[in-house]
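Enquirer: entry.cif is reproduced below (mmCIF, C-alpha atoms).
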```
data_my_file
loop_
_atom_site.label_atom_id
_atom_site.label_comp_id
_atom_site.auth_asym_id
_atom_site.auth_seq_id
_atom_site.Cartn_x
_atom_site.Cartn_y
_atom_site.Cartn_z
CA MET A 813 4.85 -6.80 12.57
CA VAL A 814 2.42 -8.13 15.15
CA SER A 815 1.55 -11.82 14.98
CA PRO A 816 -1.64 -13.38 16.37
CA ALA A 817 -1.57 -14.91 19.86
CA ARG A 818 -2.39 -18.34 18.44
CA LYS A 819 -2.93 -19.56 14.93
CA VAL A 820 -5.95 -21.87 14.62
CA ASN A 821 -6.87 -23.80 11.50
CA ILE A 822 -10.14 -22.44 10.10
CA VAL A 823 -12.42 -25.26 8.94
CA LYS A 824 -15.44 -24.34 6.84
CA LYS A 825 -18.10 -27.06 6.79
CA ARG A 826 -19.51 -25.76 3.52
CA THR A 827 -18.03 -23.24 1.11
CA LYS A 828 -20.51 -23.62 -1.75
CA PRO A 829 -23.41 -21.16 -1.56
CA PHE A 830 -26.94 -22.43 -0.97
CA VAL A 831 -28.95 -21.92 -4.15
CA ARG A 832 -32.55 -20.70 -4.23
CA VAL A 833 -35.24 -23.08 -5.43
CA GLN A 834 -36.02 -22.78 -9.18
CA SER A 835 -33.33 -20.15 -9.71
CA ASP A 836 -32.00 -22.35 -12.52
CA ASN A 837 -35.41 -22.44 -14.22
CA PHE A 838 -36.30 -18.73 -14.30
CA LYS A 839 -34.06 -15.76 -15.05
CA ARG A 840 -36.22 -13.52 -12.84
CA VAL A 841 -35.47 -15.67 -9.77
CA SER A 842 -32.00 -14.82 -8.47
CA ALA A 843 -29.70 -17.50 -7.04
CA SER A 844 -29.38 -15.81 -3.62
CA TRP A 845 -30.91 -17.98 -0.91
CA ARG A 846 -34.55 -17.52 0.09
CA ARG A 847 -36.36 -20.00 2.29
CA PRO A 848 -38.94 -22.12 0.39
CA ARG A 849 -42.39 -21.48 1.88
CA GLY A 850 -44.82 -23.25 -0.45
CA ILE A 851 -47.31 -25.71 1.09
CA ASP A 852 -46.40 -28.44 -1.39
CA SER A 853 -42.70 -27.56 -1.80
CA ARG A 854 -40.52 -30.66 -2.09
CA THR A 855 -37.47 -28.72 -0.96
CA ARG A 856 -39.14 -27.33 2.16
CA ARG A 857 -40.25 -30.82 3.13
CA ARG A 858 -36.68 -32.06 2.57
CA PHE A 859 -37.45 -34.83 0.10
CA LYS A 860 -34.60 -37.04 -1.06
CA GLY A 861 -32.80 -35.64 -4.10
CA THR A 862 -33.71 -31.99 -3.50
CA ARG A 863 -31.12 -29.28 -2.96
CA PRO A 864 -29.60 -28.75 0.51
CA GLN A 865 -30.90 -26.05 2.82
CA PRO A 866 -29.01 -24.08 5.47
CA LYS A 867 -29.06 -25.77 8.87
CA ILE A 868 -27.49 -24.96 12.23
CA GLY A 869 -25.04 -27.81 11.68
CA PHE A 870 -23.27 -25.89 8.89
CA GLY A 871 -22.17 -23.21 11.39
CA SER A 872 -18.52 -22.51 12.13
CA SER A 873 -16.68 -23.46 15.30
CA LYS A 874 -16.90 -20.85 18.09
CA LYS A 875 -13.09 -20.66 18.20
CA THR A 876 -12.77 -19.73 14.54
CA ARG A 877 -16.00 -17.78 13.94
CA PHE A 878 -15.31 -14.23 12.64
CA LEU A 879 -11.60 -15.08 12.42
CA LEU A 880 -9.64 -13.56 9.52
CA PRO A 881 -7.30 -15.85 7.56
CA ASP A 882 -4.26 -14.31 9.29
CA GLY A 883 -5.60 -15.30 12.74
CA PHE A 884 -6.90 -11.90 13.95
CA ARG A 885 -10.44 -10.76 14.63
CA LYS A 886 -11.62 -7.50 13.06
CA TYR A 887 -12.42 -4.38 15.12
CA THR A 888 -13.64 -1.19 13.42
CA ILE A 889 -12.15 2.04 14.75
CA HIS A 890 -13.45 5.58 14.28
CA ASN A 891 -11.12 7.58 16.53
CA LEU A 892 -8.01 7.41 18.73
CA GLY A 893 -10.08 6.26 21.71
CA ASP A 894 -11.19 3.15 19.84
CA LEU A 895 -7.58 2.48 18.90
CA GLU A 896 -6.37 2.86 22.51
CA SER A 897 -8.83 0.15 23.57
CA LEU A 898 -6.86 -2.39 21.51
CA VAL A 899 -3.57 -1.92 23.39
CA MET A 900 -3.93 -5.04 25.56
CA LEU A 901 -5.66 -7.01 22.79
CA ASN A 902 -3.23 -6.26 19.94
CA ARG A 903 -2.48 -9.98 19.45
CA THR A 904 -6.18 -10.91 19.22
CA TYR A 905 -7.79 -8.02 17.29
CA ALA A 906 -6.69 -6.16 14.18
CA ALA A 907 -7.97 -2.63 13.63
CA GLU A 908 -9.96 -1.70 10.55
CA ILE A 909 -10.36 2.03 9.97
CA ALA A 910 -14.01 2.92 9.28
CA ARG A 911 -14.93 3.83 5.73
CA ASN A 912 -16.08 7.37 6.55
CA ILE A 913 -12.73 8.49 8.01
CA GLY A 914 -10.84 11.04 5.90
CA ALA A 915 -7.20 10.89 4.81
CA LYS A 916 -5.86 13.31 7.44
CA LYS A 917 -7.40 11.42 10.35
CA ARG A 918 -6.33 8.09 8.79
CA ILE A 919 -2.68 9.12 8.83
CA GLU A 920 -2.95 10.02 12.54
CA LEU A 921 -4.59 6.68 13.35
CA ILE A 922 -1.99 4.68 11.41
CA GLU A 923 0.92 6.47 13.09
CA ARG A 924 -0.58 5.85 16.54
CA ALA A 925 -1.26 2.20 15.67
CA LYS A 926 2.43 1.74 14.82
CA GLN A 927 3.40 3.16 18.23
CA LEU A 928 0.97 0.83 20.00
CA SER A 929 1.96 -2.10 17.71
CA VAL A 930 -1.63 -2.69 16.59
CA LYS A 931 -2.15 -4.22 13.16
CA VAL A 932 -4.27 -2.11 10.78
CA ILE A 933 -5.93 -4.13 8.02
CA ASN A 934 -6.64 -1.27 5.61
CA ALA A 935 -3.60 0.88 6.39
CA ASP A 936 -2.85 1.73 2.76
CA ALA A 937 -6.40 2.80 1.83
CA ARG A 938 -6.96 6.41 0.76
CA ILE A 939 -3.37 7.54 1.39
CA ARG A 940 -1.46 8.95 -1.55
CA ALA A 941 2.32 9.21 -1.62
CA VAL A 942 3.44 12.74 -0.79
CA GLU A 943 5.73 14.16 -3.47
CA ASN A 944 8.73 16.21 -2.35
#
```
Rewrite the structure of this file - the entire thing - as structure tokens.
Expert:
Amino acid sequence: MVSPARKVNIVKKRTKPFVRVQSDNFKRVSASWRRPRGIDSRTRRRFKGTRPQPKIGFGSSKKTRFLLPDGFRKYTIHNLGDLESLVMLNRTYAAEIARNIGAKKRIELIERAKQLSVKVINADARIRAVEN
């Protein structure tokens, strides 16, 4: 099995989701974040005691941004050519087979990835065991 070139600790500055204003008051207002735009909005004006809003300071470190928990970055592949491009970067990127690839093509891609020692994240998706 291929291991990542270097394992870096991923630090998330905030894991709790930002909640939309008044989503707790009305059922029709979903909790998914929307920026408050009202002229008198206490939250938009960042009064003390109001809920936190997303800011640039909550962003992840450049070293760990888009990093999977196992230390690889994700790269979506659609064909053998895409897979061949990961030969030199097999310790940095892990391949993810695109969702619209059929079972026959998937098996080819997985076999070739084993030869090139490229990690495939969704290797077991859509492949049934062949009965003898």
Enquirer: Translate the PyMOL selection byres ((chain A and resi 934-939) around 7), as applied to the file shown, into an explicit residue set as a ChimeraX atom specification.
Expert: /A:908-909,915,922,932-933,940-941
Enquirer: Find the residues around A:Asn912 up to 12 Å (only C-alpha atoms counted), leave out those fewer than 4 positions away in its own chain, and share them as JSON, numbers by chain.
Expert: {"A": [888, 889, 890, 891, 908, 916, 917, 918, 937, 938]}
Enquirer: Find the residue from A:Gly893, A:Val841, A:Lys931, A:Thr827 that sits nearest to A:Ser872; use all atoms listed in the file when measuring.
Expert: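 The answer is A:Thr827, which sits nearest to A:Ser872.
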Enquirer: Have a look at A:Phe870, A:Val814, A:Lys839, A:Lys860 and name the one nearest to A:Leu928; count all atoms listed in the file.
Expert: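 Ranked by minimum distance to A:Leu928, first place goes to A:Val814.
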Enquirer: Taking all atoms of stretch 924-932 of chain A that the file lists and extending 5 Å past them on each side, where is the centre of the axis-aligned box and how long are its edges? Answer in Å to one decimal, as AutoDock Vina command-line options.
Expert:
```
--center_x -0.4 --center_y 0.8 --center_z 15.4 --size_x 17.7 --size_y 20.1 --size_z 19.2
```
Enquirer: Between atom CA of A:Pro816 and atom CA of A:Asp894, what is the distance in Å, rounded to a tenth?
Expert: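 Between these atoms lies a distance of 19.4 Å.
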